[in-house]
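**Student:** Enclosed is the structure file coords_22.cif (mmCIF, C-alpha atoms).
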data_final
loop_
_atom_site.group_PDB
_atom_site.id
_atom_site.type_symbol
_atom_site.label_atom_id
_atom_site.label_comp_id
_atom_site.auth_asym_id
_atom_site.auth_seq_id
_atom_site.Cartn_x
_atom_site.Cartn_y
_atom_site.Cartn_z
ATOM 1 C CA MET Q 1016 21.213 -0.192 -13.204
ATOM 2 C CA ILE Q 1017 20.749 -0.388 -16.973
ATOM 3 C CA GLY Q 1018 17.886 -2.842 -16.556
ATOM 4 C CA PHE Q 1019 16.318 -0.728 -13.812
ATOM 5 C CA LEU Q 1020 16.592 2.526 -15.771
ATOM 6 C CA THR Q 1021 15.267 0.946 -18.971
ATOM 7 C CA LEU Q 1022 12.286 -0.586 -17.197
ATOM 8 C CA PHE Q 1023 11.567 2.642 -15.343
ATOM 9 C CA TYR Q 1024 11.744 4.606 -18.600
ATOM 10 C CA LYS Q 1025 9.330 2.155 -20.231
ATOM 11 C CA GLU Q 1026 6.874 2.497 -17.339
ATOM 12 C CA PHE Q 1027 7.206 6.272 -17.335
ATOM 13 C CA LEU Q 1028 6.494 6.514 -21.058
ATOM 14 C CA ARG Q 1029 3.571 4.136 -20.695
ATOM 15 C CA PHE Q 1030 1.562 6.658 -18.692
ATOM 16 C CA TRP Q 1031 3.166 9.838 -20.031
ATOM 17 C CA LYS Q 1032 2.210 9.085 -23.642
ATOM 18 C CA VAL Q 1033 -1.447 9.238 -22.565
ATOM 19 C CA SER Q 1034 -1.000 11.951 -19.918
ATOM 20 C CA PHE Q 1035 -4.312 13.565 -20.847
ATOM 21 C CA GLN Q 1036 -5.996 10.439 -19.476
ATOM 22 C CA THR Q 1037 -3.546 9.442 -16.739
ATOM 23 C CA VAL Q 1038 -2.673 12.882 -15.319
ATOM 24 C CA ALA Q 1039 -5.118 15.531 -16.503
ATOM 25 C CA ALA Q 1040 -8.303 13.490 -15.945
ATOM 26 C CA PRO Q 1041 -7.586 12.734 -12.237
ATOM 27 C CA VAL Q 1042 -6.781 16.416 -11.664
ATOM 28 C CA LEU Q 1043 -10.161 17.359 -13.112
ATOM 29 C CA THR Q 1044 -11.905 14.774 -10.917
ATOM 30 C CA ALA Q 1045 -10.279 16.197 -7.783
ATOM 31 C CA LEU Q 1046 -11.248 19.734 -8.757
ATOM 32 C CA LEU Q 1047 -14.869 18.667 -9.156
ATOM 33 C CA TYR Q 1048 -14.803 17.254 -5.613
ATOM 34 C CA LEU Q 1049 -13.290 20.527 -4.422
ATOM 35 C CA LEU Q 1050 -15.845 22.707 -6.189
ATOM 36 C CA ILE Q 1051 -18.841 20.717 -4.962
ATOM 37 C CA PHE Q 1052 -17.845 20.116 -1.334
ATOM 38 C CA GLY Q 1053 -16.068 23.446 -0.929
ATOM 39 C CA HIS Q 1054 -19.012 25.436 -2.288
ATOM 40 C CA VAL Q 1055 -21.507 23.669 -0.029
ATOM 41 C CA LEU Q 1056 -19.554 23.497 3.235
ATOM 42 C CA ASP Q 1057 -16.887 26.215 3.256
ATOM 43 C CA ALA Q 1058 -19.127 28.830 4.899
ATOM 44 C CA HIS Q 1059 -20.366 26.388 7.550
ATOM 45 C CA VAL Q 1060 -17.432 24.176 8.561
ATOM 46 C CA GLN Q 1061 -13.972 24.728 10.012
ATOM 47 C CA VAL Q 1062 -11.571 21.941 11.019
ATOM 48 C CA HIS Q 1063 -8.669 22.683 13.394
ATOM 49 C CA GLY Q 1064 -9.446 26.362 12.825
ATOM 50 C CA VAL Q 1065 -8.865 25.960 9.074
ATOM 51 C CA PRO Q 1066 -11.535 26.877 6.479
ATOM 52 C CA TYR Q 1067 -13.088 23.756 5.024
ATOM 53 C CA THR Q 1068 -11.869 24.274 1.450
ATOM 54 C CA SER Q 1069 -8.282 24.703 2.650
ATOM 55 C CA PHE Q 1070 -8.660 21.619 4.874
ATOM 56 C CA LEU Q 1071 -10.010 19.609 1.940
ATOM 57 C CA ILE Q 1072 -7.186 20.323 -0.530
ATOM 58 C CA PRO Q 1073 -4.382 18.231 1.083
ATOM 59 C CA GLY Q 1074 -6.768 15.288 1.454
ATOM 60 C CA LEU Q 1075 -7.717 15.431 -2.220
ATOM 61 C CA VAL Q 1076 -4.059 15.735 -3.230
ATOM 62 C CA MET Q 1077 -3.059 12.668 -1.242
ATOM 63 C CA MET Q 1078 -6.093 10.691 -2.404
ATOM 64 C CA GLN Q 1079 -5.078 11.245 -6.010
ATOM 65 C CA VAL Q 1080 -1.439 10.376 -5.277
ATOM 66 C CA LEU Q 1081 -2.495 7.049 -3.759
ATOM 67 C CA GLN Q 1082 -5.111 6.073 -6.322
ATOM 68 C CA ASN Q 1083 -2.909 6.901 -9.299
ATOM 69 C CA ALA Q 1084 0.173 5.194 -7.879
ATOM 70 C CA PHE Q 1085 -1.910 2.049 -7.408
ATOM 71 C CA ALA Q 1086 -3.489 2.338 -10.861
ATOM 72 C CA ASN Q 1087 -0.141 2.713 -12.603
ATOM 73 C CA SER Q 1088 1.575 -0.461 -11.413
ATOM 74 C CA SER Q 1089 -1.540 -2.635 -11.299
ATOM 75 C CA SER Q 1090 -2.744 -1.732 -14.796
ATOM 76 C CA SER Q 1091 0.739 -2.129 -16.249
ATOM 77 C CA LEU Q 1092 1.183 -5.661 -14.918
ATOM 78 C CA ILE Q 1093 -2.284 -6.933 -15.802
ATOM 79 C CA GLN Q 1094 -1.991 -5.466 -19.296
ATOM 80 C CA ALA Q 1095 1.417 -7.110 -19.786
ATOM 81 C CA LYS Q 1096 0.056 -10.447 -18.576
ATOM 82 C CA ILE Q 1097 -3.007 -10.368 -20.829
ATOM 83 C CA THR Q 1098 -1.097 -9.307 -23.948
ATOM 84 C CA GLY Q 1099 1.795 -11.684 -23.224
ATOM 85 C CA SER Q 1100 4.379 -8.892 -23.268
ATOM 86 C CA ILE Q 1101 5.355 -9.723 -19.679
ATOM 87 C CA VAL Q 1102 7.742 -12.303 -21.139
ATOM 88 C CA PHE Q 1103 9.940 -9.494 -22.533
ATOM 89 C CA VAL Q 1104 10.370 -8.167 -19.004
ATOM 90 C CA LEU Q 1105 10.978 -11.562 -17.385
ATOM 91 C CA LEU Q 1106 13.478 -12.943 -19.937
ATOM 92 C CA PRO Q 1107 16.257 -10.319 -19.503
ATOM 93 C CA PRO Q 1108 18.507 -10.848 -16.451
ATOM 94 C CA ILE Q 1109 16.920 -8.025 -14.464
ATOM 95 C CA PRO Q 1110 17.055 -8.677 -10.690
ATOM 96 C CA TYR Q 1111 13.633 -8.830 -9.083
ATOM 97 C CA GLY Q 1112 14.678 -5.979 -6.791
ATOM 98 C CA ALA Q 1113 15.291 -3.742 -9.832
ATOM 99 C CA PHE Q 1114 11.965 -4.919 -11.317
ATOM 100 C CA PHE Q 1115 10.205 -3.894 -8.105
ATOM 101 C CA ALA Q 1116 12.019 -0.554 -7.799
ATOM 102 C CA ALA Q 1117 11.316 0.465 -11.411
ATOM 103 C CA TYR Q 1118 7.578 -0.211 -11.184
ATOM 104 C CA VAL Q 1119 7.220 1.456 -7.792
ATOM 105 C CA LEU Q 1120 9.256 4.509 -8.784
ATOM 106 C CA ALA Q 1121 7.201 5.005 -11.955
ATOM 107 C CA SER Q 1122 4.034 4.731 -9.866
ATOM 108 C CA VAL Q 1123 5.329 7.309 -7.401
ATOM 109 C CA VAL Q 1124 6.205 9.693 -10.242
ATOM 110 C CA ARG Q 1125 2.717 9.418 -11.723
ATOM 111 C CA GLY Q 1126 1.090 9.882 -8.323
ATOM 112 C CA LEU Q 1127 3.231 12.934 -7.548
ATOM 113 C CA LEU Q 1128 2.544 14.513 -10.939
ATOM 114 C CA VAL Q 1129 -1.193 14.163 -10.433
ATOM 115 C CA GLY Q 1130 -0.945 15.386 -6.838
ATOM 116 C CA LEU Q 1131 1.111 18.403 -7.881
ATOM 117 C CA GLY Q 1132 -1.416 19.193 -10.607
ATOM 118 C CA VAL Q 1133 -4.267 19.073 -8.090
ATOM 119 C CA LEU Q 1134 -2.324 21.241 -5.641
ATOM 120 C CA LEU Q 1135 -1.457 23.919 -8.202
ATOM 121 C CA ALA Q 1136 -4.982 24.034 -9.626
ATOM 122 C CA SER Q 1137 -6.465 24.238 -6.113
ATOM 123 C CA LEU Q 1138 -4.538 27.383 -5.255
ATOM 124 C CA TRP Q 1139 -7.113 29.361 -7.240
ATOM 125 C CA PHE Q 1140 -9.830 28.332 -4.786
ATOM 126 C CA ALA Q 1141 -8.271 28.742 -1.338
ATOM 127 C CA GLU Q 1142 -5.242 29.961 0.554
ATOM 128 C CA LEU Q 1143 -2.925 27.162 1.600
ATOM 129 C CA SER Q 1144 -0.039 27.371 4.053
ATOM 130 C CA LEU Q 1145 2.955 25.035 4.127
ATOM 131 C CA VAL Q 1146 4.201 24.648 7.686
ATOM 132 C CA SER Q 1147 6.571 21.708 7.140
ATOM 133 C CA PRO Q 1148 7.503 20.783 3.554
ATOM 134 C CA LEU Q 1149 9.573 17.810 4.730
ATOM 135 C CA TRP Q 1150 6.533 16.150 6.302
ATOM 136 C CA VAL Q 1151 4.573 16.733 3.095
ATOM 137 C CA LEU Q 1152 7.328 15.239 0.940
ATOM 138 C CA ALA Q 1153 7.940 12.275 3.248
ATOM 139 C CA PHE Q 1154 4.297 11.229 3.400
ATOM 140 C CA ALA Q 1155 3.781 11.749 -0.342
ATOM 141 C CA LEU Q 1156 6.810 9.637 -1.298
ATOM 142 C CA LEU Q 1157 6.295 6.828 1.213
ATOM 143 C CA SER Q 1158 2.545 6.595 0.682
ATOM 144 C CA GLY Q 1159 2.914 6.642 -3.093
ATOM 145 C CA ALA Q 1160 5.525 3.881 -2.872
ATOM 146 C CA LEU Q 1161 3.230 1.838 -0.622
ATOM 147 C CA PHE Q 1162 0.331 2.013 -3.045
ATOM 148 C CA GLY Q 1163 2.641 1.400 -5.991
ATOM 149 C CA ALA Q 1164 3.782 -1.828 -4.311
ATOM 150 C CA LEU Q 1165 0.193 -2.710 -3.447
ATOM 151 C CA GLY Q 1166 -0.698 -2.178 -7.098
ATOM 152 C CA MET Q 1167 1.997 -4.665 -8.073
ATOM 153 C CA ILE Q 1168 0.448 -7.273 -5.781
ATOM 154 C CA ALA Q 1169 -2.947 -6.642 -7.356
ATOM 155 C CA GLY Q 1170 -1.474 -6.819 -10.869
ATOM 156 C CA ILE Q 1171 0.268 -10.100 -10.078
ATOM 157 C CA TRP Q 1172 -2.783 -11.662 -8.452
ATOM 158 C CA VAL Q 1173 -5.584 -10.714 -10.858
ATOM 159 C CA GLU Q 1174 -6.017 -12.380 -14.229
ATOM 160 C CA LYS Q 1175 -8.684 -10.145 -15.792
ATOM 161 C CA PHE Q 1176 -9.484 -6.445 -15.827
ATOM 162 C CA ASP Q 1177 -12.799 -6.987 -14.050
ATOM 163 C CA GLN Q 1178 -10.939 -8.581 -11.134
ATOM 164 C CA LEU Q 1179 -8.700 -5.527 -10.972
ATOM 165 C CA ALA Q 1180 -11.771 -3.275 -11.038
ATOM 166 C CA ALA Q 1181 -13.216 -5.251 -8.118
ATOM 167 C CA PHE Q 1182 -9.935 -4.818 -6.215
ATOM 168 C CA GLN Q 1183 -10.103 -1.060 -6.786
ATOM 169 C CA ASN Q 1184 -13.821 -0.655 -6.066
ATOM 170 C CA PHE Q 1185 -14.021 -2.845 -2.959
ATOM 171 C CA LEU Q 1186 -10.645 -2.163 -1.352
ATOM 172 C CA ILE Q 1187 -8.782 0.891 -2.646
ATOM 173 C CA MET Q 1188 -11.774 3.195 -3.051
ATOM 174 C CA PRO Q 1189 -13.287 2.519 0.413
ATOM 175 C CA LEU Q 1190 -9.885 2.832 2.113
ATOM 176 C CA THR Q 1191 -9.231 6.230 0.533
ATOM 177 C CA MET Q 1192 -12.746 7.664 0.731
ATOM 178 C CA LEU Q 1193 -13.174 6.664 4.405
ATOM 179 C CA SER Q 1194 -9.778 7.898 5.571
ATOM 180 C CA GLY Q 1195 -10.550 11.489 6.535
ATOM 181 C CA VAL Q 1196 -10.164 13.093 3.124
ATOM 182 C CA PHE Q 1197 -13.427 15.023 3.538
ATOM 183 C CA TYR Q 1198 -13.644 15.234 7.341
ATOM 184 C CA SER Q 1199 -11.809 14.974 10.650
ATOM 185 C CA ILE Q 1200 -12.389 11.597 12.274
ATOM 186 C CA TYR Q 1201 -13.259 13.377 15.525
ATOM 187 C CA SER Q 1202 -16.464 14.540 13.891
ATOM 188 C CA LEU Q 1203 -17.556 10.880 13.767
ATOM 189 C CA PRO Q 1204 -19.287 8.804 16.478
ATOM 190 C CA SER Q 1205 -16.846 7.028 18.791
ATOM 191 C CA PHE Q 1206 -17.261 3.609 17.109
ATOM 192 C CA TRP Q 1207 -16.333 4.993 13.686
ATOM 193 C CA GLN Q 1208 -13.479 6.977 15.207
ATOM 194 C CA GLN Q 1209 -11.968 3.787 16.588
ATOM 195 C CA LEU Q 1210 -12.562 1.940 13.340
ATOM 196 C CA SER Q 1211 -10.801 4.693 11.385
ATOM 197 C CA HIS Q 1212 -7.609 4.037 13.355
ATOM 198 C CA TYR Q 1213 -7.399 0.603 11.700
ATOM 199 C CA ASN Q 1214 -7.330 2.208 8.253
ATOM 200 C CA PRO Q 1215 -3.672 2.842 7.278
ATOM 201 C CA VAL Q 1216 -4.722 5.426 4.688
ATOM 202 C CA PHE Q 1217 -6.043 7.606 7.519
ATOM 203 C CA TYR Q 1218 -2.464 8.010 8.804
ATOM 204 C CA MET Q 1219 -1.214 8.931 5.322
ATOM 205 C CA ILE Q 1220 -3.869 11.618 4.901
ATOM 206 C CA ASP Q 1221 -3.511 12.927 8.449
ATOM 207 C CA GLY Q 1222 0.283 13.111 8.363
ATOM 208 C CA PHE Q 1223 0.287 14.737 4.934
ATOM 209 C CA ARG Q 1224 -2.227 17.341 6.100
ATOM 210 C CA TYR Q 1225 -0.078 18.062 9.164
ATOM 211 C CA GLY Q 1226 2.687 19.283 6.869
ATOM 212 C CA PHE Q 1227 0.379 22.032 5.601
ATOM 213 C CA PHE Q 1228 -1.347 23.212 8.770
ATOM 214 C CA GLY Q 1229 0.731 21.924 11.687
ATOM 215 C CA ALA Q 1230 -2.402 20.285 13.118
ATOM 216 C CA SER Q 1231 -3.545 16.679 12.908
ATOM 217 C CA ASP Q 1232 -5.830 14.130 14.535
ATOM 218 C CA VAL Q 1233 -2.879 11.977 15.687
ATOM 219 C CA ALA Q 1234 0.836 12.676 16.177
ATOM 220 C CA PRO Q 1235 2.624 12.825 12.792
ATOM 221 C CA GLU Q 1236 5.491 10.724 14.158
ATOM 222 C CA PHE Q 1237 3.075 7.893 14.869
ATOM 223 C CA SER Q 1238 1.467 8.268 11.445
ATOM 224 C CA LEU Q 1239 4.889 8.091 9.801
ATOM 225 C CA ALA Q 1240 5.753 4.950 11.755
ATOM 226 C CA VAL Q 1241 2.532 3.280 10.594
ATOM 227 C CA VAL Q 1242 3.210 4.187 6.954
ATOM 228 C CA VAL Q 1243 6.820 2.938 7.114
ATOM 229 C CA ALA Q 1244 5.731 -0.334 8.728
ATOM 230 C CA CYS Q 1245 3.024 -0.907 6.111
ATOM 231 C CA LEU Q 1246 5.451 -0.088 3.307
ATOM 232 C CA ALA Q 1247 7.985 -2.572 4.665
ATOM 233 C CA VAL Q 1248 5.414 -5.376 4.916
ATOM 234 C CA VAL Q 1249 3.899 -4.777 1.473
ATOM 235 C CA SER Q 1250 7.330 -4.395 -0.154
ATOM 236 C CA LEU Q 1251 8.626 -7.639 1.336
ATOM 237 C CA LEU Q 1252 5.505 -9.469 0.189
ATOM 238 C CA THR Q 1253 5.801 -8.035 -3.329
ATOM 239 C CA LEU Q 1254 9.489 -8.951 -3.547
ATOM 240 C CA ARG Q 1255 8.663 -12.470 -2.411
ATOM 241 C CA LEU Q 1256 6.001 -12.862 -5.090
ATOM 242 C CA LEU Q 1257 8.387 -11.560 -7.757
ATOM 243 C CA GLN Q 1258 11.131 -13.890 -6.590
ATOM 244 C CA GLN Q 1259 8.801 -16.881 -6.802
ATOM 245 C CA GLY Q 1260 7.335 -15.731 -10.141
ATOM 246 C CA TRP Q 1261 3.833 -16.447 -8.827
ATOM 247 C CA LYS Q 1262 1.283 -16.026 -11.642
ATOM 248 C CA LEU Q 1263 3.974 -14.412 -13.792
ATOM 249 C CA ARG Q 1264 5.866 -17.417 -15.136
ATOM 250 C CA THR Q 1265 2.894 -19.705 -15.663
#
Can you give me the file's structure in the form of structure tokens?

**Tutor:**
Amino acid sequence: MIGFLTLFYKEFLRFWKVSFQTVAAPVLTALLYLLIFGHVLDAHVQVHGVPYTSFLIPGLVMMQVLQNAFANSSSSLIQAKITGSIVFVLLPPIPYGAFFAAYVLASVVRGLLVGLGVLLASLWFAELSLVSPLWVLAFALLSGALFGALGMIAGIWVEKFDQLAAFQNFLIMPLTMLSGVFYSIYSLPSFWQQLSHYNPVFYMIDGFRYGFFGASDVAPEFSLAVVVACLAVVSLLTLRLLQQGWKLRT
């Protein structure tokens, strides 16, 4: 526990010391999305009987939770590898399970802080109900943990910052932007509707939004099952890579 708590504290301080960049900047980005899309479409679009701006807010909150959870663990590992400071984490007798838990928990904390900032700032622009707080909390925690673990895989695999940028631009960004953040998938043609069901981020956004409005494109229980299954697979893969020391001990 001492190793886990120390490593978690280090990872927490790493992003908190520059919170203006790691927390405040993503909140501002989300608010710009909200101002632009909400101003243009709020008077013309309703989804599930909800005004468009209100519908948009949970999607933006979850998008920022996911992107920042991924950014935290991936940037931390690649930075440690490039500077050589990763050796100070690998040398102490910290179990790989504690290593994994500390990085993922720090990523979840950063994602939740950004998401909470977006949510609080958005309340000035639209009314927002909260039908089921437990659904909101469950999807936020599990989805943040999933992307924190995915960020660890990216950080272990890449060797340069431009490779990490490619991972973010060609995988993370498309998955989040095409997951129903800005629309209901049932507004899409049938082919794109079916394709959206193969995007796991869609289930995270949809289930999270259900906690606010009590309405969703698919059953929240199914969405939760998909998120839990993805988290289990990604976590096992990350733990395996840590256990083997792949690209960490060489």

**Student:** Quick one: of Q:Phe1140, Q:Leu1149, Q:Phe1114, Q:Leu1127, who's nearest to Q:Leu1256, counting only C-alpha atoms?

**Tutor:**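 Ranking Q:Phe1140, Q:Leu1149, Q:Phe1114, Q:Leu1127 by distance to Q:Leu1256, first place goes to Q:Phe1114.
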
**Student:** Which residues, written as a PyMOL selection string, have at least one atom at most 8 Å from Q:Val1242, with only C-alpha atoms counted and residues fewer than 4 positions away on the same chain left out?

**Tutor:** chain Q and resi 1154+1157-1158+1161+1215+1218-1219+1238+1246

**Student:** Would you work out the distance separating atom CA of Q:Leu1210 from atom CA of Q:Leu1193, expressed in Å to one decimal?

**Tutor:** 10.1 Å

**Student:** Nearest to Q:Glu1142 among Q:Pro1066, Q:Gly1170, Q:Pro1110, Q:Gly1195, with distances taken over all atoms listed in the file: which residue is it?

**Tutor:**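 With all atoms listed in the file as the atom set, the closest residue is Q:Pro1066.
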
**Student:** Using only C-alpha atoms, which residue out of Q:Ala1040, Q:Ala1155, Q:Ala1141, Q:Ile1093 lies closest to Q:Val1243?

**Tutor:**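 Distance minimum relative to Q:Val1243 lands on Q:Ala1155.
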
**Student:** Give the answer as one residue: which of Q:Ala1113, Q:Leu1145, Q:Gly1064, Q:Leu1165 has the shortest atom-to-atom distance to Q:Gln1258, using all atoms listed in the file?

**Tutor:**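 When distances to Q:Gln1258 are compared using all atoms listed in the file, the smallest one comes from Q:Ala1113.
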
**Student:** Given the file shown, enumerate the residues that the PyMOL selection byres ((chain Q and resi 1255) around 12) captures and present them as an mmCIF file with C-alpha atoms, keeping the file's coordinate frame.

**Tutor:**
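Writing done, so here's expr37.cif:
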data_model
loop_
_atom_site.group_PDB
_atom_site.id
_atom_site.type_symbol
_atom_site.label_atom_id
_atom_site.label_comp_id
_atom_site.auth_asym_id
_atom_site.auth_seq_id
_atom_site.Cartn_x
_atom_site.Cartn_y
_atom_site.Cartn_z
ATOM 1 C CA TYR Q 1111 13.633 -8.830 -9.083
ATOM 2 C CA GLY Q 1112 14.678 -5.979 -6.791
ATOM 3 C CA PHE Q 1115 10.205 -3.894 -8.105
ATOM 4 C CA ALA Q 1164 3.782 -1.828 -4.311
ATOM 5 C CA MET Q 1167 1.997 -4.665 -8.073
ATOM 6 C CA ILE Q 1168 0.448 -7.273 -5.781
ATOM 7 C CA ILE Q 1171 0.268 -10.100 -10.078
ATOM 8 C CA VAL Q 1248 5.414 -5.376 4.916
ATOM 9 C CA VAL Q 1249 3.899 -4.777 1.473
ATOM 10 C CA SER Q 1250 7.330 -4.395 -0.154
ATOM 11 C CA LEU Q 1251 8.626 -7.639 1.336
ATOM 12 C CA LEU Q 1252 5.505 -9.469 0.189
ATOM 13 C CA THR Q 1253 5.801 -8.035 -3.329
ATOM 14 C CA LEU Q 1254 9.489 -8.951 -3.547
ATOM 15 C CA LEU Q 1256 6.001 -12.862 -5.090
ATOM 16 C CA LEU Q 1257 8.387 -11.560 -7.757
ATOM 17 C CA GLN Q 1258 11.131 -13.890 -6.590
ATOM 18 C CA GLN Q 1259 8.801 -16.881 -6.802
ATOM 19 C CA GLY Q 1260 7.335 -15.731 -10.141
ATOM 20 C CA TRP Q 1261 3.833 -16.447 -8.827
#

**Student:** So what do you get for atom CA of Q:Gln1094 versus atom CA of Q:Gly1166, distance-wise?

**Tutor:** 12.7 Å

**Student:** From the options Q:Phe1030, Q:Phe1035, Q:Phe1052, Q:Phe1070, which residue's atoms come nearest to Q:Leu1143, counting all atoms listed in the file?

**Tutor:**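 Checking each candidate against Q:Leu1143, we get Q:Phe1070 as the closest.
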
**Student:** Rounded to one decimal place, report the atom CA of Q:Ser1089-atom CA of Q:Tyr1198 distance in Å.

**Tutor:**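 Interatomic distance here is 28.5 Å.
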
**Student:** Nearest to Q:Val1076: which of Q:Gly1132, Q:Gly1053, Q:Pro1108, Q:Gly1099 is it, counting only C-alpha atoms?

**Tutor:** Q:Gly1132

**Student:** Step by step, gather every atom of stretch 1182-1185 of chain Q that the file lists, find the box along x, y and z that holds them, add 5 Å on each side, and finally give centre and edge lengths in Å to one decimal, as AutoDock Vina command-line options.

**Tutor:**
--center_x -12.0 --center_y -2.7 --center_z -4.9 --size_x 14.1 --size_y 14.2 --size_z 13.8

**Student:** Just the residues within 8 Å of Q:Ala1086, please, counting all atoms listed in the file, with nothing from its chain fewer than 3 positions along; format it as a tab-separated table (two decimals) with C-alpha atoms, in the coordinates of the input.

**Tutor:**
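So out.tsv came out as:
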chain	number	residue	atom	x	y	z
Q	1082	GLN	CA	-5.11	6.07	-6.32
Q	1083	ASN	CA	-2.91	6.90	-9.30
Q	1089	SER	CA	-1.54	-2.64	-11.30
Q	1090	SER	CA	-2.74	-1.73	-14.80
Q	1122	SER	CA	4.03	4.73	-9.87
Q	1163	GLY	CA	2.64	1.40	-5.99
Q	1166	GLY	CA	-0.70	-2.18	-7.10

**Student:** On this structure, which residues satisfy the PyMOL selection byres ((chain Q and resi 1136) around 12), written as a count of residues only?

**Tutor:** 27
